[in-house]
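Here the structure is laid out as structure tokens; the discussion comes afterwards.
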Amino acid sequence: MKFGVGQSPKRLEDDRLLTGKGQYTDDLTPDGCAYGVTVRSPYPHAKILAVNTEAARAMPGVLAVYTHADIAEYGPIPCLVPLSGDVQTPRHLLTGDVARFVGDGVAFVVAETRDEARLAAEAVDVDYEDLPAAPTVDAALADDAPKLWEAAASNKLFDWQVGDEEATEAAFARAAHVTELHLVQNRVAPVSMEVRAALAEYDAESGFTFTTGSQGVAGMRGNLANLVLKIEPEKLRVKTGDVGGGFGMKSFLYPEYGLVCHAARDLGRPVKWTGERGDAFQTDAAGRAMQTDAAVALDEEGKILGLKVRTWSDLGAYQSQFGPAIQTFAGGRIMGGVYRIPAILNQVHGVVTNTAPTDAYRGAGRPEATYIVERLLEAAARETGMEVDEIRRRNLLTPAELPYDNGIGLTYDVGDFPGLLDAALENADWTGFQARKAKAEGRCLLYGRGMAFYVEIAGGGSSEEFADLRIAGGKVHAAIGTQSNGQGHETSYAQVIAERLGLELEDVVIEQGDTARLEVGHGTGGSRSMVWGGAAGLVAADEIIEKAKEIAAEELGGEVDFEDGLFRARGSNETRSLMELADAHPGALDTRGRYKPETPMPTYPNGCHIAEVELDPETGVMKVARYSVTDDFGTLVNPMLVQGQVHGGVAQGLGQAILENVVYDEMGQLLTGSFMDYGVPRADDVPLGQTFDTKPVPTPNNPLGSKGCGEAGTIGAMPSIMNALSDALGGQHLNMPATPEKLWRLAQSANRQRAAA
């Protein structure tokens, strides 16, 4: 059919979004709406001795000023995956005793206008007692480090380990060569285009209506109702309209969400909070923030014998909702990638610091794991004199070895990794590199090439998803339990459902973001939407077809067949269309589908990124000259949308590699609190000549055969670009971000080494 699965119609949502008709949270201002502003601690670590709100309450337009004592009835924002035993790090809606990072909320001011709330927030007088701060892992682990949580023995809250320690040590003992690296995963800010915002309305009979840019309304409702507000979920309706980027960060609860609900109920009127960019830099859950000592052991032929990884993960001041899981089992179980590694030992130490909490950021542990392995392999190839493609080829799993138990918790199902490598080398014109390098050197530029072969876990962590399909007015209205934050769900889901029902693309309307429409669902995250939401849409569509067959059989007097949207009687060829049956029997075909496989399994997207960079040794300025991506995402529902997802992911990976870095000074003050100080990729930083190709091996683990694609671009970009820069610098090791100043110094060192030789 036209615009079915595998085709690339333009995004249905773009006309609305590009013409200013989108509806984001801050676009909504109900009658009588008041505005909230959070008073934030300027100290990274301080006792709160007193909070004087008298002057603020007396200012024009002020309706209320809340402190911790006013909201003590509510639960703290929970860590849903604590690994620290009995040690809790409760993050209350407003802190009442100790501020633990710059930006920690101390009071919440509500006024008639946003400007009045801002002015009053400045009048709140907080008496702080400054305490020593530990803004880095090293500072937090020092002998004289201030302890952030009295209940903890130290600032190291947990040790996590997976793998076989004895076998790994034995592998290193018999190795012909060992490569070791110290790798830094710099802390990055999510910097979504739309900042966080929240709007609460309250009715004594029906309860709360809460609107925010989320990555799933059902999960937001459950956590906010049960754990923070302590009310029945039925008393909380959560809505999400258009979302200007999420990247994991908008999955989580934040203090302002509970605060606007409290204020709306207390004041009897709607209350809205919209963060500013400064709020975002201070308080949005950051990503990465880890440092690793890693080593790989090789035999005489360059085959991997063992992998040893030890990581210190910066949790921030509080354990965020999923924070402890991200650097442990979210990424830790895929350590080793698609390589044949007999023995792996992966250890992670979780450390609290006087900084904003960290949590899932695009890729959520998988970019970190891939970065470690791919940087190690490239360095090992240089040290042993092997080609970087050859060291990978010798260790890649073959199709005959699949399914493969990686020994640390995962079983890879299907794929052709050597075949994908061959395709990637061809797509990148691997053999033409030396000519391009010579040409660049003729312009006095350093030129390098880097590779990264990745595999990730997509669609893991859930066991079911829902789709609710209703037919009215000649349209199928489909609500699915995920949430678009820019991916194009309104188009891709419509393609899946329209093809199954034999309809035109415009006959399917995707509705999302309202628990009144669909109160269940597991949201968007971990590249799960098409794997689970698409499958749920298929289940619901199939149930509609079966219901319609029964009705058509009664009307047509016998058994019927369904094809291309028509139900045809076997004896007479008389037909009924799906919409004719729906019009004649209103509501009879409406269906809620639930996709719940007997054995839920993740999928394993994989691919190879190859980057070529040129570097001006006189300025330290680098440019990605060529970039090639070859992926296996299984079945592609809309190849153009997939390419867009990869393109955006590459831009974010590039950003971390060369620009982005959240920096706190030695006292714990945030130095990168605005776009004047925090660099993000601009259009001229992103490589224009990207090539994109797919070599799909559909997965058997879901009805579509899709593997997920949303995070893959980020996963492959960081190591391929950093490997290319290291190659350009003669094999010198460097850590992210590769800023011009850092590259200039290394280029000068490389020049001195060449001159000495």
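Naming scheme: A, B, ... for chains in displayed order of the structure tokens; residues 1 onward per chain; ligands 1 onward as shown.
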With only C-alpha atoms counted and 10 Å as the cut-off, give the residues of stretch 99-126 of chain A in contact with stretch 666-674 of chain A, each with its shortest interatomic distance in Å and the pair that gives it, as a tab-separated table.
residue	atom	partner	partner_atom	distance
A:Arg100	CA	A:Gly668	CA	9.8
A:Phe101	CA	A:Gly668	CA	7.5
A:Val102	CA	A:Gln669	CA	6.6
A:Gly103	CA	A:Leu670	CA	9.3
Using only C-alpha atoms, which residues sit within 8 Å of A:Leu227 once same-chain residues fewer than 4 positions away are excluded, as a PyMOL selection string? chain A and resi 75-78+222-223
One-decimal distance in Å that lies between atom CA of A:Ile408 and atom CA of A:Gln347: 11.7 Å
Do you know which residues are at most 8 Å from A:Gly521 counting only C-alpha atoms, after dropping those on the same chain fewer than 5 positions away, and could you put them as JSON, numbers by chain? {"A": [216, 217, 218, 219, 465, 466, 480, 481, 482]}
Wanna dump the stretch 163-208 of chain A-stretch 320-343 of chain A contacts at 7 Å for me, each residue with its shortest atom pair and the distance in Å to one decimal, counting only C-alpha atoms, ordered by chain and number, as JSON lines?
{"residue": "A:Asp164", "atom": "CA", "partner": "A:Ala343", "partner_atom": "CA", "distance": 6.4}
{"residue": "A:Ala167", "atom": "CA", "partner": "A:Ala343", "partner_atom": "CA", "distance": 5.8}
{"residue": "A:Thr168", "atom": "CA", "partner": "A:Ala343", "partner_atom": "CA", "distance": 4.9}
Quick one: write out the picked residues with N, CA and C atoms as a PDB file, in the first residue's frame?
ATOM      1  N   ASP A 164      33.280 -12.696  35.667  1.00  0.00           N
ATOM      2  CA  ASP A 164      34.037 -13.751  36.341  1.00  0.00           C
ATOM      3  C   ASP A 164      35.430 -13.210  36.672  1.00  0.00           C
ATOM      4  N   ALA A 167      38.406 -15.894  36.247  1.00  0.00           N
ATOM      5  CA  ALA A 167      38.720 -16.185  34.847  1.00  0.00           C
ATOM      6  C   ALA A 167      39.374 -14.986  34.172  1.00  0.00           C
ATOM      7  N   THR A 168      38.944 -13.785  34.526  1.00  0.00           N
ATOM      8  CA  THR A 168      39.517 -12.583  33.919  1.00  0.00           C
ATOM      9  C   THR A 168      40.965 -12.394  34.343  1.00  0.00           C
TER      10      THR A 168
END
Counting only C-alpha atoms, the residue of A:Gly96, A:Pro270, A:Leu298, A:Leu63 that sits nearest A:Arg174: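 For A:Arg174, the nearest of the given residues is A:Leu298.
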Determine which residues of stretch 28-127 of chain A DSSP labels as strand (DSSP E or B) from the backbone of this structure, then write them out as a VMD selection string. chain A and resid 34 to 40 46 to 52 62 to 66 77 91 98 to 99 105 to 111 125 to 127
For a test of reading the model, state the distance in Å between atom CA of A:Ala756 and atom CA of A:Glu618, rounded to one decimal. 18.7 Å
Tell me, as an MDAnalysis selection string, which residues lie within 10 Å of A:Arg277, counting only C-alpha atoms; anything in the same chain fewer than 6 positions away does not count. chainID A and resid 191:196 283:284 673:675
Which residues come within 9 Å of A:Glu550, counting only C-alpha atoms, excluding same-chain residues fewer than 5 positions away, as a PDB file with all heavy atoms, in the first residue's frame?
ATOM      1  N   ILE A 545      -9.837  -6.318  13.278  1.00  0.00           N
ATOM      2  CA  ILE A 545     -10.152  -7.114  12.084  1.00  0.00           C
ATOM      3  C   ILE A 545     -11.002  -8.320  12.460  1.00  0.00           C
ATOM      4  O   ILE A 545     -11.988  -8.649  11.772  1.00  0.00           O
ATOM      5  CB  ILE A 545      -8.851  -7.543  11.383  1.00  0.00           C
ATOM      6  CG1 ILE A 545      -8.162  -6.323  10.763  1.00  0.00           C
ATOM      7  CG2 ILE A 545      -9.129  -8.596  10.306  1.00  0.00           C
ATOM      8  CD1 ILE A 545      -6.762  -6.589  10.271  1.00  0.00           C
ATOM      9  N   GLU A 555     -23.663  -9.802   8.296  1.00  0.00           N
ATOM     10  CA  GLU A 555     -24.310  -8.958   7.289  1.00  0.00           C
ATOM     11  C   GLU A 555     -24.293  -9.594   5.902  1.00  0.00           C
ATOM     12  O   GLU A 555     -25.243  -9.443   5.125  1.00  0.00           O
ATOM     13  CB  GLU A 555     -23.615  -7.588   7.227  1.00  0.00           C
ATOM     14  CG  GLU A 555     -23.867  -6.719   8.444  1.00  0.00           C
ATOM     15  CD  GLU A 555     -23.440  -5.280   8.210  1.00  0.00           C
ATOM     16  OE1 GLU A 555     -23.027  -4.956   7.077  1.00  0.00           O
ATOM     17  OE2 GLU A 555     -23.541  -4.477   9.165  1.00  0.00           O
ATOM     18  N   GLU A 559     -18.967 -16.790   5.598  1.00  0.00           N
ATOM     19  CA  GLU A 559     -17.587 -16.477   5.936  1.00  0.00           C
ATOM     20  C   GLU A 559     -17.039 -15.390   5.019  1.00  0.00           C
ATOM     21  O   GLU A 559     -17.406 -15.295   3.848  1.00  0.00           O
ATOM     22  CB  GLU A 559     -16.721 -17.730   5.835  1.00  0.00           C
ATOM     23  CG  GLU A 559     -17.069 -18.773   6.893  1.00  0.00           C
ATOM     24  CD  GLU A 559     -16.075 -19.909   6.900  1.00  0.00           C
ATOM     25  OE1 GLU A 559     -15.095 -19.847   6.126  1.00  0.00           O
ATOM     26  OE2 GLU A 559     -16.272 -20.852   7.678  1.00  0.00           O
ATOM     27  N   VAL A 560     -16.141 -14.586   5.593  1.00  0.00           N
ATOM     28  CA  VAL A 560     -15.572 -13.471   4.835  1.00  0.00           C
ATOM     29  C   VAL A 560     -14.058 -13.518   4.920  1.00  0.00           C
ATOM     30  O   VAL A 560     -13.473 -14.096   5.842  1.00  0.00           O
ATOM     31  CB  VAL A 560     -16.079 -12.111   5.352  1.00  0.00           C
ATOM     32  CG1 VAL A 560     -17.589 -11.995   5.213  1.00  0.00           C
ATOM     33  CG2 VAL A 560     -15.645 -11.889   6.799  1.00  0.00           C
TER      34      VAL A 560
END
Rank A:Gln512, A:Thr619, A:Asn735, A:Thr240 by their smallest atom-to-atom distance to A:Thr209, using only C-alpha atoms, and report the top residue only. A:Thr240
From the options A:Ala364, A:Leu183, A:Leu654, A:Leu615, which residue's atoms come nearest to A:Gly730, counting only C-alpha atoms? A:Leu615
Each residue of stretch 349-412 of chain A lying at most 9 Å from stretch 717-727 of chain A should get a row with its shortest atom-to-atom pair and the distance in Å to one decimal, counting only C-alpha atoms; could you produce that, ordered by chain and increasing number, as CSV?
residue,atom,partner,partner_atom,distance
A:Pro367,CA,A:Met718,CA,7.8
A:Thr370,CA,A:Pro719,CA,7.6
A:Tyr371,CA,A:Pro719,CA,5.1
A:Ile372,CA,A:Pro719,CA,8.1
A:Val373,CA,A:Pro719,CA,8.9
A:Glu374,CA,A:Pro719,CA,6.2
A:Arg375,CA,A:Pro719,CA,6.1
A:Glu378,CA,A:Asn723,CA,6.9
A:Ala379,CA,A:Asn723,CA,8.4
Could you write out the selected residues, including all heavy atoms, as a compact mmCIF listing (two decimals), in the first residue's frame?
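part14.txt was written with the following content:
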# COMPACT_ATOMS: atom_id res chain seq x y z
N PRO A 367 26.21 4.03 25.47
CA PRO A 367 27.33 4.79 24.89
C PRO A 367 28.60 4.68 25.74
O PRO A 367 29.71 4.58 25.19
CB PRO A 367 26.81 6.23 24.86
CG PRO A 367 25.34 6.10 24.88
CD PRO A 367 25.05 4.89 25.71
N THR A 370 30.19 1.19 25.09
CA THR A 370 30.80 1.12 23.75
C THR A 370 32.05 1.98 23.68
O THR A 370 33.06 1.58 23.08
CB THR A 370 29.78 1.59 22.70
OG1 THR A 370 28.67 0.69 22.71
CG2 THR A 370 30.39 1.63 21.31
N TYR A 371 31.98 3.14 24.29
CA TYR A 371 33.14 4.04 24.27
C TYR A 371 34.37 3.36 24.86
O TYR A 371 35.48 3.44 24.32
CB TYR A 371 32.80 5.31 25.05
CG TYR A 371 33.86 6.38 24.98
CD1 TYR A 371 33.96 7.20 23.86
CD2 TYR A 371 34.76 6.58 26.02
CE1 TYR A 371 34.93 8.19 23.79
CE2 TYR A 371 35.73 7.56 25.96
CZ TYR A 371 35.81 8.37 24.84
OH TYR A 371 36.78 9.34 24.77
N ILE A 372 34.19 2.69 25.97
CA ILE A 372 35.31 2.03 26.64
C ILE A 372 35.94 0.97 25.73
O ILE A 372 37.16 0.94 25.51
CB ILE A 372 34.83 1.40 27.97
CG1 ILE A 372 34.49 2.50 28.98
CG2 ILE A 372 35.89 0.46 28.53
CD1 ILE A 372 33.73 2.01 30.19
N VAL A 373 35.11 0.09 25.19
CA VAL A 373 35.63 -1.02 24.39
C VAL A 373 36.26 -0.53 23.10
O VAL A 373 37.35 -0.98 22.69
CB VAL A 373 34.51 -2.04 24.11
CG1 VAL A 373 34.99 -3.12 23.15
CG2 VAL A 373 34.05 -2.67 25.42
N GLU A 374 35.60 0.41 22.42
CA GLU A 374 36.10 0.84 21.11
C GLU A 374 37.36 1.70 21.23
O GLU A 374 38.22 1.66 20.36
CB GLU A 374 35.00 1.58 20.37
CG GLU A 374 33.84 0.68 19.97
CD GLU A 374 34.28 -0.47 19.08
OE1 GLU A 374 34.91 -0.21 18.03
OE2 GLU A 374 34.00 -1.63 19.43
N ARG A 375 37.48 2.48 22.29
CA ARG A 375 38.73 3.21 22.49
C ARG A 375 39.87 2.23 22.81
O ARG A 375 41.01 2.40 22.35
CB ARG A 375 38.59 4.23 23.63
CG ARG A 375 37.66 5.40 23.35
CD ARG A 375 38.10 6.31 22.21
NE ARG A 375 39.47 6.74 22.29
CZ ARG A 375 39.92 7.79 23.00
NH1 ARG A 375 39.06 8.52 23.70
NH2 ARG A 375 41.19 8.12 22.98
N GLU A 378 41.00 0.26 19.55
CA GLU A 378 41.77 1.09 18.63
C GLU A 378 43.19 1.32 19.16
O GLU A 378 44.18 1.26 18.41
CB GLU A 378 41.06 2.42 18.40
CG GLU A 378 41.47 3.11 17.13
CD GLU A 378 40.39 3.10 16.06
OE1 GLU A 378 39.43 2.32 16.16
OE2 GLU A 378 40.51 3.90 15.12
N ALA A 379 43.29 1.55 20.47
CA ALA A 379 44.62 1.73 21.06
C ALA A 379 45.43 0.44 20.99
O ALA A 379 46.63 0.45 20.71
CB ALA A 379 44.48 2.19 22.51
What's around A:Ala153 at 12 Å? Count only C-alpha atoms, leave out sequence neighbours fewer than 3 positions away in its own chain, and write the answer as a VMD selection string. chain A and resid 84 to 87 141 145 to 150 156 to 158 351 to 352
Keeping only all heavy atoms, write the selected residues to a file as a short mmCIF file (atom, residue, chain, number, x, y, z; two decimals), in the first residue's frame.
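Result went into again07.cif, see below:
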data_model
loop_
_atom_site.label_atom_id
_atom_site.label_comp_id
_atom_site.auth_asym_id
_atom_site.auth_seq_id
_atom_site.Cartn_x
_atom_site.Cartn_y
_atom_site.Cartn_z
N SER A 84 22.19 0.88 47.08
CA SER A 84 23.01 1.26 48.24
C SER A 84 22.51 0.67 49.55
O SER A 84 22.80 1.19 50.62
CB SER A 84 23.07 2.79 48.34
OG SER A 84 21.76 3.33 48.29
N GLY A 85 21.73 -0.41 49.48
CA GLY A 85 21.28 -1.04 50.71
C GLY A 85 20.38 -0.15 51.53
O GLY A 85 19.38 0.39 51.03
N ASP A 86 20.73 0.03 52.79
CA ASP A 86 19.89 0.81 53.70
C ASP A 86 20.10 2.31 53.58
O ASP A 86 19.38 3.09 54.20
CB ASP A 86 20.16 0.39 55.16
CG ASP A 86 19.75 -1.06 55.42
OD1 ASP A 86 18.83 -1.53 54.73
OD2 ASP A 86 20.36 -1.69 56.29
N VAL A 87 21.08 2.74 52.80
CA VAL A 87 21.37 4.17 52.70
C VAL A 87 20.40 4.82 51.72
O VAL A 87 20.37 4.49 50.53
CB VAL A 87 22.82 4.40 52.24
CG1 VAL A 87 23.08 5.90 52.08
CG2 VAL A 87 23.80 3.79 53.22
N LEU A 141 36.00 11.06 47.48
CA LEU A 141 36.65 9.86 48.02
C LEU A 141 37.90 10.16 48.83
O LEU A 141 38.53 9.24 49.37
CB LEU A 141 37.00 8.91 46.87
CG LEU A 141 35.81 8.34 46.09
CD1 LEU A 141 36.30 7.43 44.97
CD2 LEU A 141 34.87 7.58 47.01
N ALA A 145 37.26 14.13 52.98
CA ALA A 145 36.05 14.56 52.26
C ALA A 145 34.89 14.79 53.22
O ALA A 145 34.69 14.02 54.17
CB ALA A 145 35.66 13.50 51.23
N PRO A 146 34.12 15.86 52.99
CA PRO A 146 32.89 16.03 53.77
C PRO A 146 31.89 14.95 53.39
O PRO A 146 31.77 14.58 52.22
CB PRO A 146 32.39 17.41 53.33
CG PRO A 146 32.94 17.58 51.95
CD PRO A 146 34.28 16.89 51.96
N LYS A 147 31.18 14.42 54.37
CA LYS A 147 30.23 13.35 54.09
C LYS A 147 28.88 13.97 53.73
O LYS A 147 28.34 14.78 54.48
CB LYS A 147 30.10 12.41 55.27
CG LYS A 147 29.38 11.13 54.92
CD LYS A 147 29.73 9.96 55.85
CE LYS A 147 29.40 10.23 57.29
NZ LYS A 147 29.51 9.00 58.11
N LEU A 148 28.33 13.57 52.58
CA LEU A 148 27.06 14.14 52.13
C LEU A 148 25.86 13.57 52.87
O LEU A 148 24.86 14.26 53.07
CB LEU A 148 26.88 13.93 50.62
CG LEU A 148 27.45 15.03 49.71
CD1 LEU A 148 28.97 15.06 49.77
CD2 LEU A 148 26.97 14.85 48.28
N TRP A 149 25.95 12.30 53.26
CA TRP A 149 24.82 11.63 53.90
C TRP A 149 25.33 10.92 55.16
O TRP A 149 26.15 10.02 55.07
CB TRP A 149 24.16 10.63 52.95
CG TRP A 149 23.55 11.32 51.76
CD1 TRP A 149 24.10 11.52 50.54
CD2 TRP A 149 22.27 11.95 51.74
NE1 TRP A 149 23.25 12.23 49.73
CE2 TRP A 149 22.11 12.51 50.44
CE3 TRP A 149 21.23 12.10 52.66
CZ2 TRP A 149 20.95 13.20 50.07
CZ3 TRP A 149 20.08 12.79 52.28
CH2 TRP A 149 19.95 13.33 51.00
N GLU A 150 24.81 11.35 56.30
CA GLU A 150 25.30 10.83 57.57
C GLU A 150 25.06 9.33 57.71
O GLU A 150 25.81 8.62 58.38
CB GLU A 150 24.64 11.58 58.74
CG GLU A 150 25.19 12.97 58.93
CD GLU A 150 26.69 12.97 59.17
OE1 GLU A 150 27.17 12.10 59.91
OE2 GLU A 150 27.39 13.82 58.60
N LYS A 156 31.05 6.83 48.94
CA LYS A 156 30.86 5.72 48.01
C LYS A 156 29.70 4.88 48.53
O LYS A 156 29.82 4.19 49.53
CB LYS A 156 32.12 4.88 47.88
CG LYS A 156 32.01 3.79 46.82
CD LYS A 156 33.31 3.03 46.61
CE LYS A 156 33.61 2.12 47.78
NZ LYS A 156 34.73 1.20 47.51
N LEU A 157 28.57 4.94 47.81
CA LEU A 157 27.36 4.31 48.31
C LEU A 157 27.24 2.85 47.94
O LEU A 157 26.58 2.08 48.62
CB LEU A 157 26.12 5.06 47.79
CG LEU A 157 25.97 6.52 48.22
CD1 LEU A 157 24.59 7.03 47.84
CD2 LEU A 157 26.21 6.70 49.71
N PHE A 158 27.84 2.45 46.82
CA PHE A 158 27.72 1.04 46.45
C PHE A 158 28.88 0.60 45.57
O PHE A 158 29.55 1.42 44.93
CB PHE A 158 26.39 0.76 45.73
CG PHE A 158 26.21 1.47 44.41
CD1 PHE A 158 26.82 1.01 43.25
CD2 PHE A 158 25.41 2.61 44.32
CE1 PHE A 158 26.65 1.65 42.03
CE2 PHE A 158 25.23 3.26 43.10
CZ PHE A 158 25.85 2.78 41.96
N VAL A 351 29.28 6.97 43.56
CA VAL A 351 29.79 7.99 44.49
C VAL A 351 28.88 9.21 44.43
O VAL A 351 28.53 9.69 43.35
CB VAL A 351 31.23 8.39 44.11
CG1 VAL A 351 31.78 9.42 45.09
CG2 VAL A 351 32.13 7.16 44.06
N VAL A 352 28.51 9.74 45.60
CA VAL A 352 27.74 10.98 45.65
C VAL A 352 28.69 12.17 45.75
O VAL A 352 29.74 12.10 46.40
CB VAL A 352 26.74 11.00 46.83
CG1 VAL A 352 25.56 10.10 46.56
CG2 VAL A 352 27.42 10.61 48.14
#
Between A:Tyr454, A:Tyr678, A:Tyr202, A:Tyr254, single out the one closest to A:Pro737, counting only C-alpha atoms.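 Of the candidates, the smallest distance to A:Pro737 is held by A:Tyr678.
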Selection: 12 Å around A:Gly525, only C-alpha atoms, excl. self and same-chain fewer than 5 positions, as a PyMOL selection string: chain A and resi 214-216+219+246-252+322+360-364+457-462+481-485+487+530-533+708-711
Taking the DSSP assignment computed from this structure's backbone, write out as a PyMOL selection string all residues of stretch 190-389 of chain A that belong to helix (DSSP H, G or I). chain A and resi 217-229+233-235+249-251+255-267+277-283+323-332+366-384+388-389
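Straight-line separation from atom CA of A:Ala651 to atom CA of A:Gly713: 8.0 Å.
Minimum distance to A:Val621 across A:Phe633, A:Asp685, A:Gly571, A:Ala400 (counting only C-alpha atoms) occurs at A:Asp685.
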